[in-house]
Amino acid sequence: MNVLPELWAHMARLMAQRTARLLATAATLLVLAACGPGTGGTGTGPINGVLGFSGSGFAVGAPCSQHCGSTELRLENERVELTVTCLHFVFTGPWEIDDTGLAVLNGTLETTELADGQVQTRTVAAEMRLQFSDTRAETSREVTVTVRDAQGNHLIAPLTLEQRPAATAPEACAPGTP
């Protein structure tokens, strides 16, 4: 009786099982690698660490007429903040940048104003659009920022900001000062 054919069949099954495990492991590693920075996956988010953009807050294509103070945009994987004089936009949660370099974030805009000698703060739902000069935030030299309310009205006109080290804390708001 020849056991060699049974031995070869057993070896073939073992090799097929090991090959299948190896392929499954390789596929898992590739999927996990796709969740890295800049891929929009659920891994580490669209950026590494903290990234900042800032500028004088001049509107695109026009001289500054409102909100002309220092403008700071702070990007993190789970939080985006924009501070323009006495306006403060906040988004929390995962976000991503599409293939055209656009990120659309629904958050809140807090406005601090001086009315009848009293400091008043109001918060409204707002949509921020970030149009990066590249498809990745880290490699973008500039970003154009627009904030609108639910009706599509500009709350913050389009502003172009340059990439700079992220600020640690925004300037304090002083309503009523030029």
# chains A, B, ... in the order shown; residues from 1 in each chain; ligands from 1

call {"tool": "residues_around", "arguments": {"residues": "Glu78 of chain A", "least_positions_apart": "4", "cutoff": "7 Å", "atoms": "only C-alpha atoms", "output": "list in words"}}
result
Thr92, Gly93 and Pro94 of chain A

call {"tool": "residues_around", "arguments": {"residues": "Arg141 of chain A", "least_positions_apart": "2", "cutoff": "7 Å", "atoms": "only C-alpha atoms", "output": "list in words"}}
result
Ser133, Thr139, Glu162 and Gln163 of chain A

call {"tool": "write_last_selection", "arguments": {"atoms": "N, CA, C and O atoms", "output": "mmCIF file, in the first residue's frame"}}
result
data_model
loop_
_atom_site.group_PDB
_atom_site.id
_atom_site.type_symbol
_atom_site.label_atom_id
_atom_site.label_comp_id
_atom_site.auth_asym_id
_atom_site.auth_seq_id
_atom_site.Cartn_x
_atom_site.Cartn_y
_atom_site.Cartn_z
ATOM 1 N N SER A 133 -4.802 74.536 -0.524
ATOM 2 C CA SER A 133 -4.097 74.715 -1.794
ATOM 3 C C SER A 133 -3.534 73.398 -2.321
ATOM 4 O O SER A 133 -3.052 73.343 -3.448
ATOM 5 N N THR A 139 0.760 69.714 3.465
ATOM 6 C CA THR A 139 1.536 70.200 2.333
ATOM 7 C C THR A 139 0.927 71.453 1.700
ATOM 8 O O THR A 139 1.466 71.961 0.721
ATOM 9 N N GLU A 162 -2.215 81.555 5.661
ATOM 10 C CA GLU A 162 -0.989 80.831 5.334
ATOM 11 C C GLU A 162 -0.630 79.871 6.451
ATOM 12 O O GLU A 162 -0.898 80.150 7.623
ATOM 13 N N GLN A 163 0.016 78.758 6.083
ATOM 14 C CA GLN A 163 0.426 77.786 7.091
ATOM 15 C C GLN A 163 1.563 78.370 7.928
ATOM 16 O O GLN A 163 2.545 78.882 7.409
#

call {"tool": "closest_residue", "arguments": {"among": "A:Ala126, A:Ala103, A:Val50, A:Leu73", "to": "Thr160 of chain A", "atoms": "only C-alpha atoms"}}
result
A:Leu73

call {"tool": "closest_residue", "arguments": {"among": "A:Glu96, A:Glu76, A:His154, A:Cys86", "to": "Val119 of chain A", "atoms": "only C-alpha atoms"}}
result
A:Cys86

call {"tool": "residues_around", "arguments": {"residues": "Glu81 of chain A", "least_positions_apart": "5", "cutoff": "9 Å", "atoms": "only C-alpha atoms", "output": "ChimeraX atom specification"}}
result
/A:72-76,88-92

call {"tool": "atom_distance", "arguments": {"atom1": "atom CA of Val80 of chain A", "atom2": "atom CA of Arg164 of chain A"}}
result
15.3 Å

call {"tool": "atom_distance", "arguments": {"atom1": "atom CA of Thr112 of chain A", "atom2": "atom CA of Leu159 of chain A"}}
result
19.6 Å

call {"tool": "atom_distance", "arguments": {"atom1": "atom CA of Ile97 of chain A", "atom2": "atom CA of Thr111 of chain A"}}
result
26.6 Å

call {"tool": "residues_around", "arguments": {"residues": "Leu82 of chain A", "least_positions_apart": "5", "cutoff": "12 Å", "atoms": "only C-alpha atoms", "output": "PyMOL selection string"}}
result
chain A and resi 52-55+57+70-76+87-91+105+107-111+126-130+144-147+156+159+161+166-167+169-171

call {"tool": "write_last_selection", "arguments": {"atoms": "N, CA, C and O atoms", "output": "short mmCIF file (atom, residue, chain, number, x, y, z; two decimals), in the first residue's frame"}}
result
data_model
loop_
_atom_site.label_atom_id
_atom_site.label_comp_id
_atom_site.auth_asym_id
_atom_site.auth_seq_id
_atom_site.Cartn_x
_atom_site.Cartn_y
_atom_site.Cartn_z
N GLY A 52 -1.35 74.67 12.10
CA GLY A 52 -1.91 76.00 12.20
C GLY A 52 -1.78 76.80 10.92
O GLY A 52 -0.82 76.67 10.17
N PHE A 53 -2.80 77.62 10.67
CA PHE A 53 -2.79 78.59 9.58
C PHE A 53 -3.18 79.91 10.22
O PHE A 53 -4.01 79.96 11.12
N SER A 54 -2.59 81.01 9.76
CA SER A 54 -2.94 82.31 10.31
C SER A 54 -2.72 83.38 9.27
O SER A 54 -2.17 83.13 8.20
N GLY A 55 -3.15 84.57 9.60
CA GLY A 55 -2.99 85.70 8.69
C GLY A 55 -3.66 86.93 9.26
O GLY A 55 -4.17 86.93 10.37
N GLY A 57 -6.34 88.21 8.05
CA GLY A 57 -7.79 88.11 7.93
C GLY A 57 -8.37 88.92 6.80
O GLY A 57 -9.54 89.24 6.84
N SER A 70 -6.26 89.73 13.76
CA SER A 70 -5.51 88.50 13.54
C SER A 70 -6.47 87.32 13.44
O SER A 70 -7.45 87.22 14.16
N THR A 71 -6.17 86.41 12.53
CA THR A 71 -6.99 85.23 12.31
C THR A 71 -6.14 84.00 12.54
O THR A 71 -5.04 83.89 12.00
N GLU A 72 -6.64 83.07 13.34
CA GLU A 72 -5.93 81.83 13.65
C GLU A 72 -6.84 80.64 13.36
O GLU A 72 -7.98 80.59 13.79
N LEU A 73 -6.31 79.67 12.60
CA LEU A 73 -6.99 78.41 12.33
C LEU A 73 -6.13 77.31 12.91
O LEU A 73 -4.96 77.18 12.58
N ARG A 74 -6.71 76.51 13.80
CA ARG A 74 -5.99 75.42 14.46
C ARG A 74 -6.67 74.10 14.08
O ARG A 74 -7.87 73.92 14.34
N LEU A 75 -5.89 73.21 13.48
CA LEU A 75 -6.41 71.93 13.02
C LEU A 75 -5.85 70.79 13.85
O LEU A 75 -4.63 70.71 14.04
N GLU A 76 -6.73 69.94 14.32
CA GLU A 76 -6.36 68.70 14.99
C GLU A 76 -7.21 67.60 14.37
O GLU A 76 -8.17 67.88 13.66
N LEU A 87 -14.94 86.43 16.92
CA LEU A 87 -15.69 85.31 16.38
C LEU A 87 -14.88 84.05 16.63
O LEU A 87 -13.66 84.04 16.44
N HIS A 88 -15.56 82.98 17.05
CA HIS A 88 -14.86 81.73 17.37
C HIS A 88 -15.69 80.56 16.85
O HIS A 88 -16.76 80.26 17.38
N PHE A 89 -15.18 79.88 15.80
CA PHE A 89 -15.84 78.70 15.24
C PHE A 89 -15.18 77.46 15.83
O PHE A 89 -13.96 77.39 15.93
N VAL A 90 -16.01 76.47 16.21
CA VAL A 90 -15.50 75.23 16.77
C VAL A 90 -16.22 74.05 16.12
O VAL A 90 -17.45 74.04 16.02
N PHE A 91 -15.44 73.07 15.69
CA PHE A 91 -15.95 71.80 15.21
C PHE A 91 -15.24 70.71 15.99
O PHE A 91 -14.01 70.75 16.14
N LEU A 105 -17.15 71.36 7.39
CA LEU A 105 -17.34 71.04 8.80
C LEU A 105 -18.55 71.78 9.35
O LEU A 105 -18.66 72.99 9.19
N GLY A 107 -20.31 73.03 12.61
CA GLY A 107 -19.99 73.29 14.01
C GLY A 107 -20.79 74.47 14.52
O GLY A 107 -21.92 74.70 14.08
N THR A 108 -20.19 75.23 15.44
CA THR A 108 -20.86 76.40 16.00
C THR A 108 -19.94 77.62 15.89
O THR A 108 -18.72 77.50 15.95
N LEU A 109 -20.58 78.78 15.73
CA LEU A 109 -19.86 80.04 15.69
C LEU A 109 -20.35 80.88 16.87
O LEU A 109 -21.53 81.15 16.99
N GLU A 110 -19.41 81.24 17.72
CA GLU A 110 -19.71 82.10 18.88
C GLU A 110 -19.27 83.52 18.54
O GLU A 110 -18.15 83.75 18.12
N THR A 111 -20.20 84.45 18.72
CA THR A 111 -19.93 85.85 18.44
C THR A 111 -20.02 86.64 19.74
O THR A 111 -21.00 86.50 20.49
N ALA A 126 -23.19 76.68 12.32
CA ALA A 126 -22.51 77.22 11.14
C ALA A 126 -21.77 76.12 10.39
O ALA A 126 -21.43 75.10 10.96
N GLU A 127 -21.54 76.38 9.10
CA GLU A 127 -20.78 75.47 8.26
C GLU A 127 -19.49 76.17 7.84
O GLU A 127 -19.54 77.28 7.30
N MET A 128 -18.37 75.53 8.09
CA MET A 128 -17.07 76.05 7.66
C MET A 128 -16.60 75.24 6.47
O MET A 128 -16.68 74.01 6.47
N ARG A 129 -16.11 75.94 5.46
CA ARG A 129 -15.49 75.29 4.30
C ARG A 129 -14.02 75.68 4.29
O ARG A 129 -13.70 76.87 4.33
N LEU A 130 -13.17 74.67 4.25
CA LEU A 130 -11.73 74.88 4.17
C LEU A 130 -11.28 74.37 2.81
O LEU A 130 -11.39 73.17 2.53
N THR A 144 -8.24 78.64 2.14
CA THR A 144 -9.29 79.65 2.08
C THR A 144 -10.42 79.17 2.98
O THR A 144 -10.90 78.05 2.85
N VAL A 145 -10.83 80.04 3.90
CA VAL A 145 -11.83 79.70 4.92
C VAL A 145 -13.10 80.51 4.67
O VAL A 145 -13.04 81.72 4.48
N THR A 146 -14.23 79.83 4.69
CA THR A 146 -15.54 80.49 4.59
C THR A 146 -16.44 79.89 5.66
O THR A 146 -16.45 78.68 5.86
N VAL A 147 -17.20 80.74 6.35
CA VAL A 147 -18.17 80.27 7.34
C VAL A 147 -19.53 80.86 6.98
O VAL A 147 -19.66 82.08 6.80
N ILE A 156 -18.49 84.66 8.04
CA ILE A 156 -17.10 85.09 7.86
C ILE A 156 -16.83 84.96 6.37
O ILE A 156 -16.93 83.87 5.80
N LEU A 159 -11.60 84.04 3.59
CA LEU A 159 -10.31 84.54 4.04
C LEU A 159 -9.22 83.57 3.60
O LEU A 159 -9.42 82.36 3.69
N LEU A 161 -5.55 82.16 4.45
CA LEU A 161 -4.57 82.08 5.55
C LEU A 161 -3.37 81.26 5.09
O LEU A 161 -3.50 80.36 4.26
N ALA A 166 1.21 76.39 14.80
CA ALA A 166 -0.08 76.56 15.49
C ALA A 166 0.09 77.45 16.71
O ALA A 166 1.01 77.28 17.50
N ALA A 167 -0.81 78.40 16.85
CA ALA A 167 -0.80 79.30 18.01
C ALA A 167 -1.22 78.53 19.25
O ALA A 167 -2.05 77.63 19.18
N ALA A 169 -2.64 80.03 22.08
CA ALA A 169 -3.89 80.59 22.58
C ALA A 169 -4.25 81.81 21.74
O ALA A 169 -3.40 82.63 21.44
N PRO A 170 -5.53 81.94 21.36
CA PRO A 170 -5.92 83.10 20.58
C PRO A 170 -5.91 84.37 21.43
O PRO A 170 -5.99 84.30 22.66
N GLU A 171 -5.82 85.51 20.74
CA GLU A 171 -5.87 86.78 21.46
C GLU A 171 -7.24 86.94 22.12
O GLU A 171 -8.25 86.46 21.61
#

call {"tool": "closest_residue", "arguments": {"among": "A:Arg13, A:Arg18, A:Arg148, A:Arg136", "to": "Asp99 of chain A", "atoms": "only C-alpha atoms"}}
result
A:Arg136
